[in-house]
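Asks: Mind looking over this structure? Questions follow.
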Amino acid sequence: MPEAKPDGVRFPVVDAFPVPIPIDPLAAMIFTAFFAACALLTARRPAIGLALLFAVQPFALSREIFSTAITLPKVALLGVIVGLTAFRGSSFFPRTGPWRVVLAAAVALVALTAVSALPAQHRIATLTETLKYAEYAVLLAAAFVAFRLDPDDVVLLGAAGLSASAVAAGAIVQIFVGSPSGLHVGATVVPRIAGALEGPNQLAAYFESAVAILGSWIVARPSRWNALALAVCTFATVLTISRAGIAALAIVAAVLLAFRGRAALAAIGPMIAGGVAGAAAAVGMAHSLAIFRFTLDGTDYAGGVGTRDELWRAAWTLWRRHPLFGVGAGNFELELGDAGLPGVRTHANNWYLQALVEGGPLLAAATIGFVASVCITFWKSARAGSPWVLAALAASLALALHQIVDYVFFYPKVAGPWFLLVGIALATLSPRAETATACAPSP
């Protein structure tokens, strides 16, 4: 039972345990209709299909069939791919451009994830991880192609803003109806909101891409609605009480300021307003400034699954036993019992350490190389490039540093929007289709 605050107000915290839901006729009809809509709309306007794909990333509606999860984002991706086949593909991927380096790095990441199955004891888990990263790479490619064919900023920005605002609103409501985890501050349990995401750290990471997009476009094209959405997203991020997530938003703000100067204040203002309001709400619920912890020490909160110190030591132990090829992608959580953490099943809370323990130095190098290729590509073009490029750089740097203490790309709801953003930004740096007929639907 959640404990009562001194004034008698209760903030409910309810542990959430994911339960697979088998597909039923209603869900099958929804997925089929959504697939058809995405395919038809993409064939008519690629920008609309891409906007739908972006909008549904945080909303899974997951259903199980044959031990495989079917989700709205997967269905949307398949529909967009089918819709893009209506266009002639001679200019989908131009011969030149920075997209080649990033896409090659993404393919290398997928390939080395697959290769890690060789030493794995649980190869089905490795297959699952490989398919997940393959899906990420396809998201990147689909966004690249769709945006080159139909670069409609207004439609896509609207979808990103509405989706992020809906996620933020749903998360804020959890303060009153029940959050999935909480933080003990004295005798009070303060809720940590998660909304449509799997946990508060994941929600904070999701907002890093959303805030980068909204902030970059507010600087380029001021909008009261986008400023309000930005403030709400920042407010919700603070109420996740994710220290890494809050620090990551500071990185986004710093990137905007570094590349846009005083013009960035148009975006930083709403971020500060939302952040201050969120901090005031958190302190008000806790009746203590201790709500914002300034160390990485483990804390007692509902839904916790081991501390970072324990998980990092376990990862180090497993890697020392398998220094060359690792234990296999997806196998870390299944090997924790042998590393001194029986009953714990989670990731390493560090993307780079996870890559090292699961795939050895090769997978770790591929992971770091992929991140570096993205950041370097956008760093070179962010000053004079499209707002999408600046947004991609800000989100990439924020997420790259965040994942030193959280492995958030384990979750498609976090990784999906970022990979889409990267694909869109790469498309702005690539030459447009060479001929009008290349962008015309096939007869």
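Residues are named by chain letter and number: chains run A, B, ... in the order of the structure tokens, numbers start at 1 in each chain, and ligands are numbered from 1 in the order shown.
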Quick one: DSSP strand (DSSP E) residues in stretch 104-237 of chain A, as a ChimeraX atom specification?

Replies: /A:181-185,188-192

Asks: Give me the residues of stretch 346-429 of chain A that have any atom at most 12 Å from an atom of stretch 114-118 of chain A; for each, the nearest atom pair and the distance in Å, rounded to one decimal. Use only C-alpha atoms, sort by chain and number, and format it as CSV.

Replies:
residue,atom,partner,partner_atom,distance
A:Ala355,CA,A:Ser116,CA,10.0
A:Leu356,CA,A:Ser116,CA,10.7
A:Val357,CA,A:Ser116,CA,10.4
A:Glu358,CA,A:Ser116,CA,7.1
A:Gly359,CA,A:Ser116,CA,5.3
A:Gly360,CA,A:Ser116,CA,8.3
A:Pro361,CA,A:Ser116,CA,11.0
A:Leu362,CA,A:Ser116,CA,9.4
A:Leu363,CA,A:Ser116,CA,8.1
A:Ala364,CA,A:Ser116,CA,11.3

Asks: Keeping N, CA and C atoms for every residue in the selection just given, could you write it to a file as a PDB file, in the first residue's frame?

Replies:
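See result23.pdb below for the written result:
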ATOM      1  N   ALA A 355      26.793  -4.342 -24.917  1.00  0.00           N
ATOM      2  CA  ALA A 355      27.359  -4.804 -26.182  1.00  0.00           C
ATOM      3  C   ALA A 355      28.643  -5.580 -25.943  1.00  0.00           C
ATOM      4  N   LEU A 356      29.464  -5.123 -25.027  1.00  0.00           N
ATOM      5  CA  LEU A 356      30.728  -5.798 -24.745  1.00  0.00           C
ATOM      6  C   LEU A 356      30.509  -7.185 -24.163  1.00  0.00           C
ATOM      7  N   VAL A 357      29.612  -7.301 -23.185  1.00  0.00           N
ATOM      8  CA  VAL A 357      29.423  -8.592 -22.525  1.00  0.00           C
ATOM      9  C   VAL A 357      28.687  -9.572 -23.430  1.00  0.00           C
ATOM     10  N   GLU A 358      27.835  -9.071 -24.341  1.00  0.00           N
ATOM     11  CA  GLU A 358      27.053  -9.972 -25.179  1.00  0.00           C
ATOM     12  C   GLU A 358      27.723 -10.299 -26.510  1.00  0.00           C
ATOM     13  N   GLY A 359      28.568  -9.394 -27.006  1.00  0.00           N
ATOM     14  CA  GLY A 359      29.185  -9.648 -28.306  1.00  0.00           C
ATOM     15  C   GLY A 359      30.675  -9.450 -28.349  1.00  0.00           C
ATOM     16  N   GLY A 360      31.295  -9.213 -27.194  1.00  0.00           N
ATOM     17  CA  GLY A 360      32.728  -9.030 -27.146  1.00  0.00           C
ATOM     18  C   GLY A 360      33.162  -7.701 -27.751  1.00  0.00           C
ATOM     19  N   PRO A 361      34.457  -7.515 -27.938  1.00  0.00           N
ATOM     20  CA  PRO A 361      34.979  -6.242 -28.457  1.00  0.00           C
ATOM     21  C   PRO A 361      34.419  -5.861 -29.831  1.00  0.00           C
ATOM     22  N   LEU A 362      34.121  -6.845 -30.683  1.00  0.00           N
ATOM     23  CA  LEU A 362      33.622  -6.523 -32.017  1.00  0.00           C
ATOM     24  C   LEU A 362      32.258  -5.829 -31.959  1.00  0.00           C
ATOM     25  N   LEU A 363      31.333  -6.380 -31.173  1.00  0.00           N
ATOM     26  CA  LEU A 363      30.009  -5.764 -31.068  1.00  0.00           C
ATOM     27  C   LEU A 363      30.092  -4.433 -30.345  1.00  0.00           C
ATOM     28  N   ALA A 364      30.965  -4.343 -29.336  1.00  0.00           N
ATOM     29  CA  ALA A 364      31.140  -3.070 -28.635  1.00  0.00           C
ATOM     30  C   ALA A 364      31.672  -2.010 -29.589  1.00  0.00           C
TER      31      ALA A 364
END

Asks: From the DSSP assignment of the backbone, select every residue of stretch 71-266 of chain A that is alpha helix (DSSP H), and format the answer as a PyMOL selection string.

Replies: chain A and resi 72-84+99-115+123-149+153-177+200-220+224-239+243-260+265-266

Asks: For the residues in that selection, give me C-alpha atoms as a compact mmCIF listing (two decimals), in the first residue's frame.

Replies:
# COMPACT_ATOMS: atom_id res chain seq x y z
CA LEU A 72 1.15 -1.02 -34.14
CA PRO A 73 4.67 0.27 -34.98
CA LYS A 74 5.57 -3.02 -36.69
CA VAL A 75 2.33 -3.03 -38.66
CA ALA A 76 2.84 0.62 -39.60
CA LEU A 77 6.40 -0.09 -40.77
CA LEU A 78 5.23 -2.94 -42.97
CA GLY A 79 2.45 -0.76 -44.39
CA VAL A 80 4.86 2.09 -45.15
CA ILE A 81 7.28 -0.30 -46.90
CA VAL A 82 4.47 -1.69 -49.04
CA GLY A 83 3.28 1.84 -49.83
CA LEU A 84 6.77 2.92 -50.89
CA TRP A 99 23.70 8.29 -45.49
CA ARG A 100 26.06 5.58 -46.80
CA VAL A 101 28.36 5.72 -43.76
CA VAL A 102 25.52 5.68 -41.23
CA LEU A 103 23.55 2.94 -42.98
CA ALA A 104 26.72 0.83 -43.33
CA ALA A 105 27.38 1.26 -39.60
CA ALA A 106 23.77 0.22 -38.84
CA VAL A 107 24.11 -2.88 -41.04
CA ALA A 108 27.39 -3.78 -39.30
CA LEU A 109 25.65 -3.48 -35.93
CA VAL A 110 22.89 -5.85 -37.06
CA ALA A 111 25.37 -8.31 -38.58
CA LEU A 112 27.58 -8.51 -35.50
CA THR A 113 24.52 -8.89 -33.28
CA ALA A 114 23.57 -11.90 -35.40
CA VAL A 115 27.12 -13.31 -35.29
CA ARG A 123 20.09 -18.53 -29.52
CA ILE A 124 16.40 -17.67 -29.67
CA ALA A 125 17.19 -14.65 -27.48
CA THR A 126 19.96 -13.66 -29.90
CA LEU A 127 17.60 -14.02 -32.85
CA THR A 128 15.12 -11.74 -31.09
CA GLU A 129 17.77 -9.08 -30.52
CA THR A 130 19.00 -9.37 -34.09
CA LEU A 131 15.50 -8.92 -35.49
CA LYS A 132 14.95 -5.94 -33.22
CA TYR A 133 18.06 -4.17 -34.49
CA ALA A 134 17.18 -5.14 -38.05
CA GLU A 135 13.81 -3.46 -37.50
CA TYR A 136 15.63 -0.34 -36.29
CA ALA A 137 17.78 -0.29 -39.43
CA VAL A 138 14.69 -0.70 -41.62
CA LEU A 139 13.01 2.18 -39.76
CA LEU A 140 16.00 4.36 -40.57
CA ALA A 141 15.93 3.36 -44.24
CA ALA A 142 12.15 3.78 -44.56
CA ALA A 143 12.27 7.25 -43.03
CA PHE A 144 15.14 8.19 -45.35
CA VAL A 145 13.28 7.07 -48.46
CA ALA A 146 9.88 8.48 -47.48
CA PHE A 147 11.23 11.89 -46.57
CA ARG A 148 13.29 12.16 -49.77
CA LEU A 149 10.18 11.39 -51.78
CA ASP A 153 7.96 19.24 -42.55
CA VAL A 154 4.54 20.43 -41.40
CA VAL A 155 2.86 17.02 -41.43
CA LEU A 156 5.74 15.26 -39.75
CA LEU A 157 6.32 17.92 -37.10
CA GLY A 158 2.62 17.89 -36.28
CA ALA A 159 2.64 14.12 -35.83
CA ALA A 160 5.72 14.26 -33.61
CA GLY A 161 4.29 17.04 -31.46
CA LEU A 162 0.84 15.48 -31.04
CA SER A 163 2.26 12.05 -30.24
CA ALA A 164 4.69 13.40 -27.65
CA SER A 165 1.98 15.58 -26.08
CA ALA A 166 -0.38 12.60 -25.81
CA VAL A 167 2.35 10.54 -24.15
CA ALA A 168 3.11 13.37 -21.72
CA ALA A 169 -0.55 13.90 -20.81
CA GLY A 170 -1.11 10.19 -20.21
CA ALA A 171 1.97 10.02 -18.04
CA ILE A 172 1.03 13.03 -15.92
CA VAL A 173 -2.37 11.49 -15.19
CA GLN A 174 -0.55 8.58 -13.53
CA ILE A 175 0.27 10.81 -10.59
CA PHE A 176 -3.37 10.52 -9.58
CA VAL A 177 -4.47 7.15 -10.95
CA PRO A 200 10.23 6.20 -15.98
CA ASN A 201 13.78 6.06 -17.35
CA GLN A 202 12.41 4.92 -20.71
CA LEU A 203 9.86 7.75 -20.74
CA ALA A 204 12.58 10.30 -20.05
CA ALA A 205 14.66 8.84 -22.88
CA TYR A 206 11.69 8.95 -25.27
CA PHE A 207 11.28 12.66 -24.59
CA GLU A 208 14.91 13.33 -25.52
CA SER A 209 14.08 12.84 -29.19
CA ALA A 210 10.73 14.66 -28.90
CA VAL A 211 12.22 17.66 -27.09
CA ALA A 212 15.09 17.86 -29.58
CA ILE A 213 12.62 17.94 -32.49
CA LEU A 214 10.29 20.48 -30.92
CA GLY A 215 13.14 22.66 -29.68
CA SER A 216 14.97 22.71 -33.02
CA TRP A 217 11.84 23.66 -34.93
CA ILE A 218 10.79 26.32 -32.42
CA VAL A 219 14.15 28.00 -33.01
CA ALA A 220 13.64 27.87 -36.77
CA ARG A 224 3.06 28.72 -29.43
CA TRP A 225 1.60 25.23 -29.76
CA ASN A 226 5.02 23.62 -30.12
CA ALA A 227 6.33 25.72 -27.22
CA LEU A 228 3.46 24.48 -25.05
CA ALA A 229 4.14 20.88 -26.11
CA LEU A 230 7.82 21.38 -25.32
CA ALA A 231 7.04 22.70 -21.84
CA VAL A 232 4.65 19.80 -21.14
CA CYS A 233 7.22 17.21 -22.29
CA THR A 234 9.88 18.79 -20.08
CA PHE A 235 7.46 18.89 -17.14
CA ALA A 236 6.74 15.17 -17.59
CA THR A 237 10.45 14.36 -17.91
CA VAL A 238 11.20 15.93 -14.54
CA LEU A 239 8.38 13.92 -12.95
CA ARG A 243 18.49 11.93 -13.21
CA ALA A 244 20.03 10.81 -16.47
CA GLY A 245 16.93 11.85 -18.40
CA ILE A 246 16.90 15.31 -16.84
CA ALA A 247 20.63 15.72 -17.52
CA ALA A 248 20.05 14.61 -21.12
CA LEU A 249 17.53 17.40 -21.64
CA ALA A 250 20.19 19.83 -20.42
CA ILE A 251 22.44 18.40 -23.15
CA VAL A 252 19.72 19.02 -25.75
CA ALA A 253 19.43 22.63 -24.56
CA ALA A 254 23.23 23.04 -24.65
CA VAL A 255 23.39 21.78 -28.25
CA LEU A 256 20.65 24.17 -29.33
CA LEU A 257 22.46 27.05 -27.66
CA ALA A 258 25.85 26.08 -29.11
CA PHE A 259 24.58 25.91 -32.70
CA ARG A 260 21.88 28.59 -32.73
CA LEU A 265 16.33 30.95 -26.11
CA ALA A 266 12.97 30.61 -27.86

Asks: Could you please determine the separation between atom CA of A:Phe93 and atom CA of A:Asp150 in Å, to one decimal place?

Replies: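 A separation of 14.2 Å between them.
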
Asks: Quick one: residues within 10 Å of A:Val405, only C-alpha atoms counted, chain neighbours fewer than 3 positions away excluded, as an NGL selection string?

Replies: :A and (243-244 or 296 or 308 or 312 or 348-353 or 400-402 or 408)

Asks: As an MDAnalysis selection string, please: the residues near A:Lys380 (cut-off 10 Å, only C-alpha atoms, same-chain neighbours under 4 positions excluded).

Replies: chainID A and resid 375:376 384:385 389 393

Asks: Those residues with C-alpha atoms, as a PDB file, in the first residue's frame please?

Replies:
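Output file out-v1.pdb is given in full below:
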ATOM      1  CA  CYS A 375      27.079  12.195 -34.217  1.00  0.00           C
ATOM      2  CA  ILE A 376      29.988  13.133 -36.508  1.00  0.00           C
ATOM      3  CA  ALA A 384      23.794  25.372 -41.573  1.00  0.00           C
ATOM      4  CA  GLY A 385      21.550  22.350 -42.006  1.00  0.00           C
ATOM      5  CA  VAL A 389      19.729  17.762 -38.565  1.00  0.00           C
ATOM      6  CA  LEU A 393      22.442  15.799 -33.341  1.00  0.00           C
TER       7      LEU A 393
END

Asks: Which residues come within 9 Å of A:Ala314, counting only C-alpha atoms, excluding same-chain residues fewer than 6 positions away, as a ChimeraX atom specification?

Replies: /A:336,338-341,348

Asks: Let me see the file: selected residues, C-alpha atoms, as a PDB file, in the first residue's frame.

Replies:
ATOM      1  CA  LEU A 336      22.661 -13.191 -14.384  1.00  0.00           C
ATOM      2  CA  ASP A 338      25.541 -17.446 -12.852  1.00  0.00           C
ATOM      3  CA  ALA A 339      27.014 -14.006 -12.177  1.00  0.00           C
ATOM      4  CA  GLY A 340      25.723 -13.780  -8.621  1.00  0.00           C
ATOM      5  CA  LEU A 341      22.278 -12.262  -9.194  1.00  0.00           C
ATOM      6  CA  ALA A 348      23.033  -4.086 -17.896  1.00  0.00           C
TER       7      ALA A 348
END

Asks: Please, what distance in Å, to one decimal, runs between atom CA of A:Ile291 and atom CA of A:Gly199?

Replies: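 For atom CA of A:Ile291 relative to atom CA of A:Gly199, the distance reads 17.6 Å.
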
Asks: Using Å and a single decimal, report how far atom CA of A:Val371 sits from atom CA of A:Pro387.

Replies: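 Computing the Euclidean distance for atom CA of A:Pro387 and atom CA of A:Val371 yields 19.7 Å.
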
Asks: Name the residues in contact with A:Leu61 at a cut-off of 9 Å, using only C-alpha atoms, excluding same-chain residues fewer than 2 positions from it; report them as a list in words.

Replies: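 Surrounding residues, per the criterion: Ala27, Phe59, Arg63, Ile70, Thr71 and Leu72 of chain A.
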